[in-house]
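**Student:** I have a structure here, written as structure tokens, and I will follow up with some questions on it.
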Amino acid sequence: MNGYIDLHNHILPNIDDGPASIDESVLLARQLVKIGFNTIAVTPHSFEGLPSPAVIMKNRFDLQEELDRLEIPLTLLPGSELHIDPLLLQRLKFGESLTLNESRYLLFELPMIQPLPVYTEKLIGDLCREGYRPIIPHPERTTVLQHDYSLIYSLYDAGALFQVTWGSLVGLLGPQAQEVATFMLRHNLLHIMSTDAHSAASRLYSVETAVDYIEKEQGKALAEELLKIRPGKVINDEELDLPEPLPLKKGAKRGMLRKFFFHHL
């Protein structure tokens, strides 16, 4: 299977914690093509509207031009990894932040270690009411979700979807991330998967291993959904046909009181 689509990576050079040069970006592009990807959305970290869409688009154009010159068959689509902030909806409305390939879908990054902002669920709901669909990247690595699975359900009920990193399923990003990723896979809460690649390093090598695991655990049809069908629908701004999540069993991991997982900003 090839023709994969990746909706979360940091391939653009000199813009965030991804490649430091265009040569490193080219190396990453070659590796993505080698393991089966032909289309990716470039998603540099974005904090309060920076870097601007114009900067991201220019950087994407320059890298695409270089890939085309080198005959590397990888198509780069616009995007960004938008860190949660209270003005995010306004930034989107005024074109100050990028969705995935100008679709309704956007990467909506939560704090990795800190408590969630108190307005998190409301902002997700507001985004959905305005026609957007937030996708939370690497939820399995978010500390508060690792400690309280009921929060995953709450964010889903508010309107969020979830994008798990391939490496998490095979333990590359630690045992806690692997535990959460496996739980989400088995409870129909793993909607999309991505590389979250920052370089042509070991994180990419986990894709084939994770695909094998998914095929054995859930079947080849789901693997194709996660690699091609669902990300294809996202970049084409189409509705996703997703199964309902399985319920959280009574007594399952619920962690501390919810009030400790939210903070005021």
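By order in the structure tokens, chains are A, B, ...; within a chain, residues start at 1; ligands start at 1, following the order shown.
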With a distance cut-off of 7 Å and only C-alpha atoms, select the neighbouring residues of Ser103 (chain A), excluding the residue or stretch itself and same-chain residues fewer than 4 positions from it, and output the selection as a PyMOL selection string.
**Tutor:** chain A and resi 99+235+237
**Student:** Keeping C-alpha atoms, export the residues of the selection given above as a PDB file, in the first residue's frame.
**Tutor:**
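Just written: part-v1.pdb:
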ATOM      1  CA  THR A  99      -6.536  25.304   8.466  1.00  0.00           C
ATOM      2  CA  ILE A 235      -7.780  17.732   2.548  1.00  0.00           C
ATOM      3  CA  ASP A 237     -13.002  19.203   2.941  1.00  0.00           C
TER       4      ASP A 237
END
**Student:** Which residues, written as a compact mmCIF listing (two decimals) with C-alpha atoms, in the first residue's frame, have at least one atom at most 12 Å from Asn2 (chain A), with only C-alpha atoms counted and residues fewer than 5 positions away on the same chain left out?
**Tutor:**
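Saved file part.txt follows:
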# COMPACT_ATOMS: atom_id res chain seq x y z
CA LEU A 32 8.47 10.20 3.47
CA VAL A 33 8.27 9.16 -0.19
CA LYS A 34 10.30 6.03 0.51
CA ILE A 35 7.81 4.75 3.09
CA GLY A 36 4.79 5.48 0.90
CA PHE A 37 3.65 9.11 1.31
CA ASN A 38 2.92 11.25 -1.75
CA THR A 39 0.96 14.11 -0.14
CA VAL A 207 4.98 3.81 10.42
CA GLU A 208 5.29 0.37 8.84
CA VAL A 211 0.49 -0.27 10.27
CA ALA A 223 -5.17 0.84 8.22
CA GLU A 224 -6.21 2.11 4.80
CA LEU A 227 -3.35 6.20 5.84
CA LYS A 228 -5.41 7.34 2.88
CA ILE A 229 -9.18 7.58 3.09
**Student:** Check the smallest atom-to-atom distance from each of A:Leu127, A:Ile5, A:Leu173, A:Ala210 to Leu106 (chain A) using only C-alpha atoms, then report the winner.
**Tutor:**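 Answer, going by the shortest atom-to-atom distance: A:Leu127.
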**Student:** Between A:Val144, A:Lys93, A:Gln163, A:Leu172, which is the closest to Pro231 (chain A) once you count only C-alpha atoms?
**Tutor:**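 For Pro231 (chain A), the nearest of the given residues is A:Gln163.
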**Student:** Would you mind listing what lies within 10 Å of Trp166 (chain A) as JSON, numbers by chain, with only C-alpha atoms counted and same-chain residues fewer than 5 positions away left out?
**Tutor:** {"A": [138, 171, 172, 173, 178, 181, 192, 193, 194, 195, 196, 197, 203, 204, 205, 206, 207, 208, 209, 210, 211]}
**Student:** How about saving the chosen residues, C-alpha atoms kept, as a PDB file, in the first residue's frame?
**Tutor:**
ATOM      1  CA  HIS A 138      -0.928  13.720  19.729  1.00  0.00           C
ATOM      2  CA  GLY A 171       6.126   2.549  22.099  1.00  0.00           C
ATOM      3  CA  LEU A 172       8.544   4.909  20.376  1.00  0.00           C
ATOM      4  CA  LEU A 173       7.224   7.888  22.360  1.00  0.00           C
ATOM      5  CA  GLN A 178       1.503   3.842  23.888  1.00  0.00           C
ATOM      6  CA  ALA A 181      -2.923   5.348  21.886  1.00  0.00           C
ATOM      7  CA  ILE A 192      -6.522  10.004  12.118  1.00  0.00           C
ATOM      8  CA  MET A 193      -2.843   9.135  12.383  1.00  0.00           C
ATOM      9  CA  SER A 194       0.192  11.179  11.414  1.00  0.00           C
ATOM     10  CA  THR A 195       3.974  11.103  11.477  1.00  0.00           C
ATOM     11  CA  ASP A 196       4.510  14.397  13.354  1.00  0.00           C
ATOM     12  CA  ALA A 197       7.912  14.102  11.686  1.00  0.00           C
ATOM     13  CA  ARG A 203       9.978   8.348  14.169  1.00  0.00           C
ATOM     14  CA  LEU A 204       9.311   7.682  10.481  1.00  0.00           C
ATOM     15  CA  TYR A 205      10.545   4.119  10.664  1.00  0.00           C
ATOM     16  CA  SER A 206       7.685   3.337  13.071  1.00  0.00           C
ATOM     17  CA  VAL A 207       4.977   3.813  10.423  1.00  0.00           C
ATOM     18  CA  GLU A 208       5.292   0.370   8.839  1.00  0.00           C
ATOM     19  CA  THR A 209       5.456  -1.328  12.251  1.00  0.00           C
ATOM     20  CA  ALA A 210       2.403   0.571  13.458  1.00  0.00           C
ATOM     21  CA  VAL A 211       0.492  -0.268  10.267  1.00  0.00           C
TER      22      VAL A 211
END
**Student:** Write out as a list of chain:residue names the set of residues from region 42-72 of chain A that DSSP, computed on the backbone, places in alpha helix (DSSP H).
**Tutor:**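 Reading the DSSP output for region 42-72 of chain A, alpha helix (DSSP H) covers A:Pro53, A:Ala54, A:Val55, A:Ile56, A:Met57, A:Lys58, A:Asn59, A:Arg60, A:Phe61, A:Asp62, A:Leu63, A:Gln64, A:Glu65, A:Glu66, A:Leu67, A:Asp68, A:Arg69.
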**Student:** Next, write the just-selected residues to a file, as a PDB file, in the first residue's frame, keeping N, CA and C atoms as the atom set.
**Tutor:**
ATOM      1  N   PRO A  53       0.346  33.244   8.036  1.00  0.00           N
ATOM      2  CA  PRO A  53       0.062  32.424   6.855  1.00  0.00           C
ATOM      3  C   PRO A  53       0.946  32.777   5.661  1.00  0.00           C
ATOM      4  N   ALA A  54       1.258  34.059   5.465  1.00  0.00           N
ATOM      5  CA  ALA A  54       2.097  34.459   4.337  1.00  0.00           C
ATOM      6  C   ALA A  54       3.484  33.839   4.430  1.00  0.00           C
ATOM      7  N   VAL A  55       4.041  33.794   5.626  1.00  0.00           N
ATOM      8  CA  VAL A  55       5.375  33.212   5.821  1.00  0.00           C
ATOM      9  C   VAL A  55       5.333  31.709   5.553  1.00  0.00           C
ATOM     10  N   ILE A  56       4.307  31.053   6.075  1.00  0.00           N
ATOM     11  CA  ILE A  56       4.177  29.610   5.865  1.00  0.00           C
ATOM     12  C   ILE A  56       4.007  29.295   4.380  1.00  0.00           C
ATOM     13  N   MET A  57       3.154  30.047   3.705  1.00  0.00           N
ATOM     14  CA  MET A  57       2.901  29.796   2.290  1.00  0.00           C
ATOM     15  C   MET A  57       4.156  30.024   1.442  1.00  0.00           C
ATOM     16  N   LYS A  58       4.907  31.053   1.748  1.00  0.00           N
ATOM     17  CA  LYS A  58       6.148  31.322   1.008  1.00  0.00           C
ATOM     18  C   LYS A  58       7.156  30.191   1.235  1.00  0.00           C
ATOM     19  N   ASN A  59       7.296  29.763   2.464  1.00  0.00           N
ATOM     20  CA  ASN A  59       8.210  28.693   2.802  1.00  0.00           C
ATOM     21  C   ASN A  59       7.802  27.386   2.112  1.00  0.00           C
ATOM     22  N   ARG A  60       6.492  27.128   2.097  1.00  0.00           N
ATOM     23  CA  ARG A  60       5.973  25.936   1.414  1.00  0.00           C
ATOM     24  C   ARG A  60       6.263  26.006  -0.093  1.00  0.00           C
ATOM     25  N   PHE A  61       6.027  27.151  -0.695  1.00  0.00           N
ATOM     26  CA  PHE A  61       6.268  27.315  -2.134  1.00  0.00           C
ATOM     27  C   PHE A  61       7.732  27.059  -2.471  1.00  0.00           C
ATOM     28  N   ASP A  62       8.632  27.620  -1.678  1.00  0.00           N
ATOM     29  CA  ASP A  62      10.063  27.467  -1.952  1.00  0.00           C
ATOM     30  C   ASP A  62      10.482  25.999  -1.841  1.00  0.00           C
ATOM     31  N   LEU A  63       9.979  25.303  -0.810  1.00  0.00           N
ATOM     32  CA  LEU A  63      10.348  23.901  -0.651  1.00  0.00           C
ATOM     33  C   LEU A  63       9.742  23.058  -1.768  1.00  0.00           C
ATOM     34  N   GLN A  64       8.485  23.318  -2.137  1.00  0.00           N
ATOM     35  CA  GLN A  64       7.870  22.565  -3.226  1.00  0.00           C
ATOM     36  C   GLN A  64       8.647  22.754  -4.526  1.00  0.00           C
ATOM     37  N   GLU A  65       9.088  23.963  -4.759  1.00  0.00           N
ATOM     38  CA  GLU A  65       9.873  24.247  -5.970  1.00  0.00           C
ATOM     39  C   GLU A  65      11.158  23.416  -5.987  1.00  0.00           C
ATOM     40  N   GLU A  66      11.798  23.292  -4.825  1.00  0.00           N
ATOM     41  CA  GLU A  66      13.026  22.505  -4.735  1.00  0.00           C
ATOM     42  C   GLU A  66      12.740  21.009  -4.913  1.00  0.00           C
ATOM     43  N   LEU A  67      11.661  20.522  -4.328  1.00  0.00           N
ATOM     44  CA  LEU A  67      11.303  19.113  -4.489  1.00  0.00           C
ATOM     45  C   LEU A  67      10.985  18.798  -5.951  1.00  0.00           C
ATOM     46  N   ASP A  68      10.287  19.705  -6.607  1.00  0.00           N
ATOM     47  CA  ASP A  68       9.969  19.506  -8.024  1.00  0.00           C
ATOM     48  C   ASP A  68      11.244  19.496  -8.868  1.00  0.00           C
ATOM     49  N   ARG A  69      12.162  20.382  -8.528  1.00  0.00           N
ATOM     50  CA  ARG A  69      13.434  20.443  -9.282  1.00  0.00           C
ATOM     51  C   ARG A  69      14.197  19.133  -9.147  1.00  0.00           C
TER      52      ARG A  69
END
**Student:** Could you check which of A:Ile135, A:Ala158, A:Leu248, A:Leu110 is closest to Asn188 (chain A), using only C-alpha atoms?
**Tutor:**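 Nearest candidate to Asn188 (chain A) out of A:Ile135, A:Ala158, A:Leu248, A:Leu110: A:Leu248.
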**Student:** As a compact mmCIF listing (two decimals) with C-alpha atoms, in the first residue's frame, please: every residue in region 3-230 of chain A that DSSP puts in strand (DSSP E).
**Tutor:**
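For reference, out.txt as written:
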# COMPACT_ATOMS: atom_id res chain seq x y z
CA TYR A 4 -0.29 7.77 1.91
CA ILE A 5 -1.34 11.23 3.12
CA ASP A 6 0.21 12.85 6.20
CA PHE A 37 3.65 9.11 1.31
CA ASN A 38 2.92 11.25 -1.75
CA THR A 39 0.96 14.11 -0.14
CA ILE A 40 1.48 15.96 3.12
CA ALA A 41 0.07 19.03 4.81
CA HIS A 45 3.84 25.25 15.12
CA SER A 46 1.74 28.42 15.29
CA THR A 75 2.96 17.35 -2.85
CA LEU A 76 2.97 19.95 -0.06
CA LEU A 77 -0.36 21.37 1.11
CA GLU A 81 -0.37 23.29 14.12
CA LEU A 82 -2.40 25.90 15.96
CA HIS A 83 -1.73 26.12 19.67
CA TYR A 105 -10.38 20.96 9.57
CA LEU A 106 -7.60 22.41 11.72
CA LEU A 107 -4.93 21.08 14.04
CA PHE A 108 -5.82 22.26 17.54
CA GLU A 109 -2.86 21.71 19.84
CA LEU A 116 -5.95 22.61 29.96
CA PRO A 117 -7.21 26.20 29.75
CA ARG A 133 -13.67 20.89 12.90
CA PRO A 134 -10.74 20.86 15.33
CA ILE A 135 -8.42 17.86 15.29
CA ILE A 136 -6.31 17.45 18.43
CA PRO A 137 -2.81 16.20 17.52
CA LEU A 161 -11.44 14.71 16.68
CA PHE A 162 -8.13 13.05 17.55
CA GLN A 163 -4.92 12.48 15.61
CA VAL A 164 -2.46 10.01 17.11
CA THR A 165 1.21 9.81 16.16
CA ILE A 192 -6.52 10.00 12.12
CA MET A 193 -2.84 9.14 12.38
CA SER A 194 0.19 11.18 11.41
**Student:** Could you pull the residues within 8 Å of region 239-243 of chain A, counting only C-alpha atoms, minus those fewer than 2 positions along the same chain, as a ChimeraX atom specification?
**Tutor:** /A:188,191,230,233-234,237,245
**Student:** What does the file look like for those residues with C-alpha atoms, as a compact mmCIF listing (two decimals), in the first residue's frame?
**Tutor:**
# COMPACT_ATOMS: atom_id res chain seq x y z
CA ASN A 188 -12.90 4.12 18.27
CA HIS A 191 -9.65 9.07 14.10
CA ARG A 230 -9.74 9.81 6.12
CA LYS A 233 -11.39 13.46 2.97
CA VAL A 234 -9.85 16.08 5.27
CA ASP A 237 -13.00 19.20 2.94
CA PRO A 245 -16.71 5.57 20.49
**Student:** What is the CA of Phe47 (chain A)-CA of Val170 (chain A) distance in Å, reported with one decimal?
**Tutor:**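 According to the coordinates, CA of Phe47 (chain A) and CA of Val170 (chain A) are separated by 29.7 Å.
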**Student:** Can you work out which one of A:Ser154, A:Ser199, A:Ser80, A:Thr142 has the shortest atom-to-atom distance to Gly18 (chain A), counting only C-alpha atoms?
**Tutor:**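 Result for the nearest residue to Gly18 (chain A): A:Ser199.
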